[in-house]
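J.: Below is the file protein.csv, which contains CSV, C-alpha atoms.
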chain,number,residue,atom,x,y,z
A,1,MET,CA,-46.7,-25.9,-185.8
A,2,ARG,CA,-44.9,-28.4,-183.6
A,3,ARG,CA,-43.2,-27.5,-180.4
A,4,VAL,CA,-40.4,-29.4,-178.9
A,5,VAL,CA,-39.8,-29.1,-175.2
A,6,VAL,CA,-36.4,-30.1,-173.8
A,7,LEU,CA,-36.0,-30.7,-170.1
A,8,LEU,CA,-32.6,-30.8,-168.7
A,9,ALA,CA,-31.9,-32.4,-165.4
A,10,VAL,CA,-28.8,-31.2,-163.6
A,11,LEU,CA,-27.4,-33.6,-161.1
A,12,CYS,CA,-25.3,-32.1,-158.4
A,13,VAL,CA,-22.2,-34.1,-157.5
A,14,CYS,CA,-22.9,-33.0,-153.9
A,15,ASP,CA,-26.3,-34.7,-153.6
A,16,GLY,CA,-26.2,-37.1,-150.7
A,17,VAL,CA,-22.8,-35.8,-149.4
A,18,ARG,CA,-22.5,-36.0,-145.6
A,19,PHE,CA,-19.6,-34.6,-143.6
A,20,GLY,CA,-17.7,-37.2,-141.7
A,21,GLN,CA,-16.3,-36.5,-138.2
A,22,LEU,CA,-14.6,-33.0,-138.2
A,23,CYS,CA,-13.2,-33.0,-134.6
A,24,SER,CA,-11.7,-35.6,-132.4
A,25,GLY,CA,-14.0,-36.0,-129.4
A,26,ASN,CA,-17.1,-35.2,-131.5
A,27,PRO,CA,-17.8,-38.2,-133.7
A,28,SER,CA,-21.4,-37.1,-134.4
A,29,ASN,CA,-20.5,-33.5,-135.4
A,30,ARG,CA,-22.7,-32.0,-132.6
A,31,ARG,CA,-23.4,-28.4,-133.4
A,32,ARG,CA,-22.9,-25.4,-131.2
A,33,THR,CA,-26.3,-24.3,-130.1
A,34,SER,CA,-26.6,-21.2,-127.9
A,35,ASP,CA,-24.1,-19.7,-125.4
A,36,THR,CA,-23.4,-16.2,-124.1
A,37,TRP,CA,-21.7,-15.3,-127.4
A,38,GLY,CA,-24.7,-16.3,-129.6
A,39,GLN,CA,-25.8,-19.2,-131.6
A,40,GLY,CA,-24.0,-21.4,-134.1
A,41,HIS,CA,-26.6,-22.2,-136.8
A,42,TYR,CA,-26.5,-20.8,-140.3
A,43,GLY,CA,-28.2,-17.4,-140.4
A,44,ALA,CA,-27.9,-16.6,-136.7
A,45,ARG,CA,-27.6,-12.9,-136.0
A,46,ARG,CA,-24.1,-11.4,-135.4
A,47,GLY,CA,-24.8,-7.8,-134.6
A,48,ASN,CA,-25.7,-6.2,-137.9
A,49,ARG,CA,-24.9,-9.3,-140.1
A,50,ASP,CA,-26.0,-12.9,-140.5
A,51,HIS,CA,-23.7,-15.9,-139.6
A,52,LYS,CA,-22.7,-17.5,-142.9
A,53,GLY,CA,-21.6,-20.9,-141.6
A,54,LEU,CA,-22.3,-23.7,-139.2
A,55,ASP,CA,-20.4,-24.2,-136.0
A,56,ILE,CA,-19.4,-27.8,-135.1
A,57,MET,CA,-18.3,-28.3,-131.5
A,58,CYS,CA,-14.6,-28.9,-131.0
A,59,SER,CA,-12.5,-28.5,-127.8
A,60,ASP,CA,-9.5,-26.2,-127.9
A,61,GLY,CA,-6.4,-28.2,-128.9
A,62,SER,CA,-8.3,-31.1,-130.5
A,63,GLU,CA,-7.4,-32.7,-133.8
A,64,VAL,CA,-9.4,-31.5,-136.8
A,65,LEU,CA,-10.1,-34.2,-139.3
A,66,ALA,CA,-10.9,-34.4,-143.0
A,67,PRO,CA,-14.6,-35.0,-143.3
A,68,PHE,CA,-14.1,-36.9,-146.6
A,69,ASP,CA,-11.3,-37.2,-149.1
A,70,VAL,CA,-10.3,-33.5,-149.7
A,71,THR,CA,-7.8,-31.4,-151.5
A,72,LEU,CA,-6.2,-28.6,-149.4
A,73,HIS,CA,-6.3,-25.2,-151.1
A,74,GLY,CA,-4.4,-22.9,-148.9
A,75,ARG,CA,-4.5,-21.2,-145.5
A,76,LEU,CA,-7.0,-18.5,-144.8
A,77,THR,CA,-7.1,-15.5,-142.5
A,78,VAL,CA,-10.3,-15.2,-140.5
A,79,TYR,CA,-10.0,-11.7,-138.9
A,80,THR,CA,-8.2,-8.4,-139.5
A,81,ASP,CA,-8.5,-7.6,-135.8
A,82,PRO,CA,-5.1,-8.2,-134.1
A,83,SER,CA,-6.8,-8.9,-130.7
A,84,LYS,CA,-8.1,-12.2,-132.3
A,85,ALA,CA,-4.7,-13.4,-133.6
A,86,ALA,CA,-4.8,-16.5,-131.4
A,87,ILE,CA,-7.7,-17.9,-133.6
A,88,ASN,CA,-7.0,-16.2,-136.8
A,89,SER,CA,-6.4,-19.2,-139.1
A,90,GLY,CA,-8.2,-21.7,-141.2
A,91,ILE,CA,-8.0,-23.6,-144.5
A,92,ASN,CA,-9.8,-23.8,-147.9
A,93,LEU,CA,-10.8,-27.3,-149.0
A,94,ARG,CA,-12.5,-29.0,-151.9
A,95,GLY,CA,-14.0,-32.5,-152.0
A,96,GLU,CA,-17.1,-34.5,-153.0
A,97,GLY,CA,-18.1,-31.6,-155.3
A,98,LEU,CA,-18.0,-29.1,-152.5
A,99,CYS,CA,-15.8,-26.0,-151.9
A,100,PHE,CA,-15.7,-25.0,-148.2
A,101,LYS,CA,-13.6,-23.4,-145.5
A,102,LEU,CA,-12.8,-24.4,-141.9
A,103,PHE,CA,-12.1,-21.5,-139.5
A,104,TYR,CA,-10.4,-21.5,-136.1
A,105,MET,CA,-7.9,-24.2,-136.8
A,106,ARG,CA,-4.2,-24.4,-137.5
A,107,PRO,CA,-3.6,-26.6,-140.6
A,108,ASP,CA,-0.8,-29.1,-140.5
A,109,ARG,CA,-0.2,-28.3,-144.2
A,110,THR,CA,-2.0,-26.2,-146.8
A,111,SER,CA,-1.8,-28.2,-150.1
A,112,GLY,CA,-2.1,-31.7,-151.4
A,113,SER,CA,-4.7,-34.4,-150.9
A,114,VAL,CA,-5.9,-35.9,-147.6
A,115,ARG,CA,-8.1,-39.0,-147.0
A,116,LYS,CA,-11.3,-39.0,-144.9
A,117,GLY,CA,-10.5,-39.1,-141.2
A,118,ASP,CA,-6.9,-38.0,-141.5
A,119,ARG,CA,-5.7,-35.2,-139.3
A,120,ILE,CA,-5.6,-31.9,-141.1
A,121,GLY,CA,-4.8,-29.6,-138.2
A,122,THR,CA,-5.4,-28.5,-134.6
A,123,MET,CA,-8.3,-26.5,-133.1
A,124,LEU,CA,-7.1,-23.1,-131.9
A,125,PRO,CA,-7.7,-21.7,-128.4
A,126,MET,CA,-11.1,-20.0,-128.8
A,127,GLN,CA,-11.4,-19.6,-125.0
A,128,SER,CA,-8.4,-17.2,-125.0
A,129,VAL,CA,-10.4,-14.8,-127.3
A,130,TYR,CA,-14.0,-15.6,-126.4
A,131,PRO,CA,-14.1,-16.9,-122.7
A,132,GLY,CA,-17.1,-19.1,-122.1
A,133,ILE,CA,-17.9,-19.7,-125.8
A,134,THR,CA,-18.7,-23.2,-126.9
A,135,SER,CA,-15.4,-23.9,-128.8
A,136,HIS,CA,-16.1,-24.9,-132.4
A,137,VAL,CA,-14.9,-25.2,-136.0
A,138,HIS,CA,-16.8,-22.9,-138.2
A,139,VAL,CA,-17.8,-24.5,-141.6
A,140,GLN,CA,-18.5,-22.1,-144.4
A,141,MET,CA,-19.2,-22.9,-148.0
A,142,CYS,CA,-17.2,-20.9,-150.5
A,143,ASP,CA,-20.3,-19.4,-151.9
A,144,LYS,CA,-21.6,-18.7,-148.4
A,145,SER,CA,-24.6,-20.9,-148.9
A,146,ASP,CA,-26.0,-22.9,-146.0
A,147,PRO,CA,-23.9,-26.0,-145.2
A,148,THR,CA,-26.5,-27.5,-142.8
A,149,GLN,CA,-27.8,-30.0,-145.4
A,150,TYR,CA,-24.4,-31.8,-145.4
A,151,PHE,CA,-24.6,-32.6,-141.6
What's the C-alpha coordinates form of this structure?

T.:
Amino acid sequence: MRRVVVLLAVLCVCDGVRFGQLCSGNPSNRRRTSDTWGQGHYGARRGNRDHKGLDIMCSDGSEVLAPFDVTLHGRLTVYTDPSKAAINSGINLRGEGLCFKLFYMRPDRTSGSVRKGDRIGTMLPMQSVYPGITSHVHVQMCDKSDPTQYF
(Lines of atoms letter the chains of each structure in order from A and count residues from 1; the text may use other names and numbers.)
(Lines give C-alpha, C1' and ligand atoms only; values in the text may rest on other atoms or scores of the structure.)
Protein backbone atom coordinates (compact mmCIF):
# COMPACT_ATOMS: atom_id res chain seq x y z
CA MET A 1 0.00 0.00 0.00
CA ARG A 2 1.36 3.36 -1.01
CA ARG A 3 0.77 6.56 1.01
CA VAL A 4 0.82 10.00 -0.43
CA VAL A 5 1.55 12.85 1.91
CA VAL A 6 0.51 16.27 0.78
CA LEU A 7 1.98 19.29 2.50
CA LEU A 8 0.32 22.61 2.01
CA ALA A 9 2.14 25.81 2.69
CA VAL A 10 0.01 28.81 3.49
CA LEU A 11 1.64 32.15 2.85
CA CYS A 12 0.14 34.99 4.81
CA VAL A 13 -0.11 38.19 2.80
CA CYS A 14 0.84 39.99 6.02
CA ASP A 15 4.29 38.34 6.41
CA GLY A 16 6.88 41.07 6.55
CA VAL A 17 4.33 43.89 6.91
CA ARG A 18 5.56 46.80 9.03
CA PHE A 19 3.46 49.74 10.17
CA GLY A 20 4.73 53.07 8.90
CA GLN A 21 4.49 56.22 11.01
CA LEU A 22 1.10 56.46 12.76
CA CYS A 23 1.41 59.84 14.44
CA SER A 24 3.06 63.10 13.47
CA GLY A 25 5.84 63.73 15.96
CA ASN A 26 6.56 60.02 16.43
CA PRO A 27 8.31 58.80 13.23
CA SER A 28 9.61 55.62 14.91
CA ASN A 29 6.24 54.58 16.40
CA ARG A 30 7.56 54.71 19.98
CA ARG A 31 5.32 52.67 22.23
CA ARG A 32 3.66 53.72 25.43
CA THR A 33 5.50 51.94 28.21
CA SER A 34 4.36 52.50 31.80
CA ASP A 35 2.60 55.44 33.43
CA THR A 36 0.20 55.93 36.35
CA TRP A 37 -2.63 54.48 34.25
CA GLY A 38 -0.82 51.24 33.38
CA GLN A 39 1.20 49.84 30.50
CA GLY A 40 0.62 49.93 26.76
CA HIS A 41 1.87 46.54 25.58
CA TYR A 42 -0.41 43.80 24.30
CA GLY A 43 -1.63 41.63 27.19
CA ALA A 44 -1.07 44.26 29.92
CA ARG A 45 -3.55 43.90 32.77
CA ARG A 46 -6.55 46.28 32.80
CA GLY A 47 -8.30 45.41 36.05
CA ASN A 48 -9.96 42.06 35.37
CA ARG A 49 -9.13 41.92 31.65
CA ASP A 50 -6.13 41.95 29.31
CA HIS A 51 -5.23 44.84 27.00
CA LYS A 52 -5.99 43.65 23.45
CA GLY A 53 -3.93 46.20 21.56
CA LEU A 54 -0.66 48.09 21.37
CA ASP A 55 -0.39 51.76 22.34
CA ILE A 56 1.67 54.04 20.09
CA MET A 57 2.57 57.41 21.59
CA CYS A 58 0.78 60.38 20.04
CA SER A 59 0.31 63.88 21.46
CA ASP A 60 -3.21 65.21 21.86
CA GLY A 61 -4.21 67.11 18.70
CA SER A 62 -1.53 65.51 16.49
CA GLU A 63 -2.20 64.24 12.99
CA VAL A 64 -2.82 60.50 12.70
CA LEU A 65 -1.37 59.01 9.51
CA ALA A 66 -2.05 55.96 7.35
CA PRO A 67 0.66 53.37 8.20
CA PHE A 68 0.50 51.96 4.65
CA ASP A 69 -2.03 52.09 1.82
CA VAL A 70 -5.36 51.38 3.52
CA THR A 71 -9.08 51.26 2.93
CA LEU A 72 -11.23 53.02 5.52
CA HIS A 73 -14.11 50.87 6.79
CA GLY A 74 -16.16 53.12 9.06
CA ARG A 75 -16.02 54.96 12.33
CA LEU A 76 -16.04 53.03 15.58
CA THR A 77 -17.19 53.81 19.09
CA VAL A 78 -14.65 52.95 21.76
CA TYR A 79 -16.65 53.33 24.99
CA THR A 80 -20.22 53.21 26.23
CA ASP A 81 -19.31 55.42 29.21
CA PRO A 82 -20.49 59.03 28.57
CA SER A 83 -17.71 60.40 30.81
CA LYS A 84 -15.24 59.32 28.11
CA ALA A 85 -17.07 61.01 25.21
CA ALA A 86 -14.06 63.28 24.45
CA ILE A 87 -12.02 60.26 23.26
CA ASN A 88 -14.82 57.96 22.14
CA SER A 89 -13.93 57.61 18.48
CA GLY A 90 -11.78 55.59 16.13
CA ILE A 91 -11.75 53.93 12.73
CA ASN A 92 -11.71 50.47 11.13
CA LEU A 93 -9.04 49.91 8.46
CA ARG A 94 -7.77 47.25 6.08
CA GLY A 95 -4.54 47.07 4.17
CA GLU A 96 -1.53 44.84 3.46
CA GLY A 97 -3.68 41.81 4.28
CA LEU A 98 -4.47 43.14 7.77
CA CYS A 99 -7.71 44.22 9.41
CA PHE A 100 -7.17 46.62 12.32
CA LYS A 101 -8.67 49.47 14.34
CA LEU A 102 -7.26 52.73 15.64
CA PHE A 103 -8.80 54.13 18.84
CA TYR A 104 -8.77 57.66 20.32
CA MET A 105 -8.68 59.53 17.03
CA ARG A 106 -11.25 61.52 15.06
CA PRO A 107 -11.19 60.33 11.45
CA ASP A 108 -11.27 62.94 8.68
CA ARG A 109 -13.45 60.56 6.68
CA THR A 110 -14.65 57.00 7.15
CA SER A 111 -14.64 55.39 3.71
CA GLY A 112 -12.46 55.21 0.64
CA SER A 113 -8.77 54.55 0.12
CA VAL A 114 -5.81 56.42 1.57
CA ARG A 115 -2.10 56.24 0.68
CA LYS A 116 0.70 55.56 3.15
CA GLY A 117 1.59 58.69 5.12
CA ASP A 118 -1.61 60.57 4.30
CA ARG A 119 -3.47 62.18 7.17
CA ILE A 120 -6.46 60.09 8.26
CA GLY A 121 -7.49 62.04 11.35
CA THR A 122 -6.62 63.84 14.58
CA MET A 123 -5.56 62.48 17.95
CA LEU A 124 -8.27 63.15 20.54
CA PRO A 125 -7.62 64.86 23.92
CA MET A 126 -6.71 61.89 26.15
CA GLN A 127 -5.48 64.21 28.90
CA SER A 128 -9.05 65.48 29.39
CA VAL A 129 -10.20 61.97 30.34
CA TYR A 130 -7.00 60.41 31.78
CA PRO A 131 -4.83 63.25 33.20
CA GLY A 132 -1.16 62.23 33.22
CA ILE A 133 -1.52 59.28 30.85
CA THR A 134 0.96 58.96 27.99
CA SER A 135 -1.35 59.99 25.15
CA HIS A 136 -1.49 57.33 22.46
CA VAL A 137 -3.26 55.74 19.54
CA HIS A 138 -4.44 52.24 20.43
CA VAL A 139 -3.86 49.72 17.61
CA GLN A 140 -6.08 46.66 17.79
CA MET A 141 -6.30 43.84 15.28
CA CYS A 142 -9.87 42.93 14.24
CA ASP A 143 -9.38 39.42 15.61
CA LYS A 144 -7.80 40.86 18.80
CA SER A 145 -4.49 39.09 18.11
CA ASP A 146 -1.19 40.71 19.09
CA PRO A 147 -0.17 43.54 16.67
CA THR A 148 3.36 43.83 18.12
CA GLN A 149 4.95 41.82 15.28
CA TYR A 150 3.99 44.57 12.82
CA PHE A 151 5.98 47.26 14.67

J.: In Å, how far is it from CA of Gly61 (chain A) to CA of Cys142 (chain A)?

T.: 25.2 Å

J.: Of the residues A:Lys52, A:Ser89, A:Tyr104, A:Tyr42, which is the one nearest to Tyr130 (chain A), using all atoms listed in the file?

T.: A:Tyr104

J.: With distances taken over all atoms listed in the file, which of A:Ile133, A:Ala86, A:Met123, A:Val114 is nearest to Gln39 (chain A)?

T.: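 Looking only at the distances to Gln39 (chain A), the closest residue turns out to be A:Ile133.
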
J.: Between CA of Leu72 (chain A) and CA of Met126 (chain A), what distance in Å does the model show, to one decimal?

T.: 22.9 Å

J.: Between A:Ser83, A:Asn26, A:Pro107, A:Ile56, which one has atoms that come closest to Gly40 (chain A), using all atoms listed in the file?

T.: A:Ile56

J.: For Leu93 (chain A), find every residue with an atom within 7 Å (counting all atoms listed in the file), except residues of its own chain fewer than 4 positions away, and show them as number ranges by chain.

T.: A: 70-73, 99-101

J.: Write the residues of the selection above to a file with C-alpha atoms, as an mmCIF file, in the coordinates of the input.

T.:
data_model
loop_
_atom_site.group_PDB
_atom_site.id
_atom_site.type_symbol
_atom_site.label_atom_id
_atom_site.label_comp_id
_atom_site.auth_asym_id
_atom_site.auth_seq_id
_atom_site.Cartn_x
_atom_site.Cartn_y
_atom_site.Cartn_z
ATOM 1 C CA VAL A 70 -10.300 -33.500 -149.700
ATOM 2 C CA THR A 71 -7.800 -31.400 -151.500
ATOM 3 C CA LEU A 72 -6.200 -28.600 -149.400
ATOM 4 C CA HIS A 73 -6.300 -25.200 -151.100
ATOM 5 C CA CYS A 99 -15.800 -26.000 -151.900
ATOM 6 C CA PHE A 100 -15.700 -25.000 -148.200
ATOM 7 C CA LYS A 101 -13.600 -23.400 -145.500
#

J.: Go through A:Glu96, A:Asp55, A:Asp60, A:Asp81 one by one, measure the shortest atom-to-atom distance of each to Pro131 (chain A) using all atoms listed in the file, and give the residue with the smallest value.

T.: A:Asp60
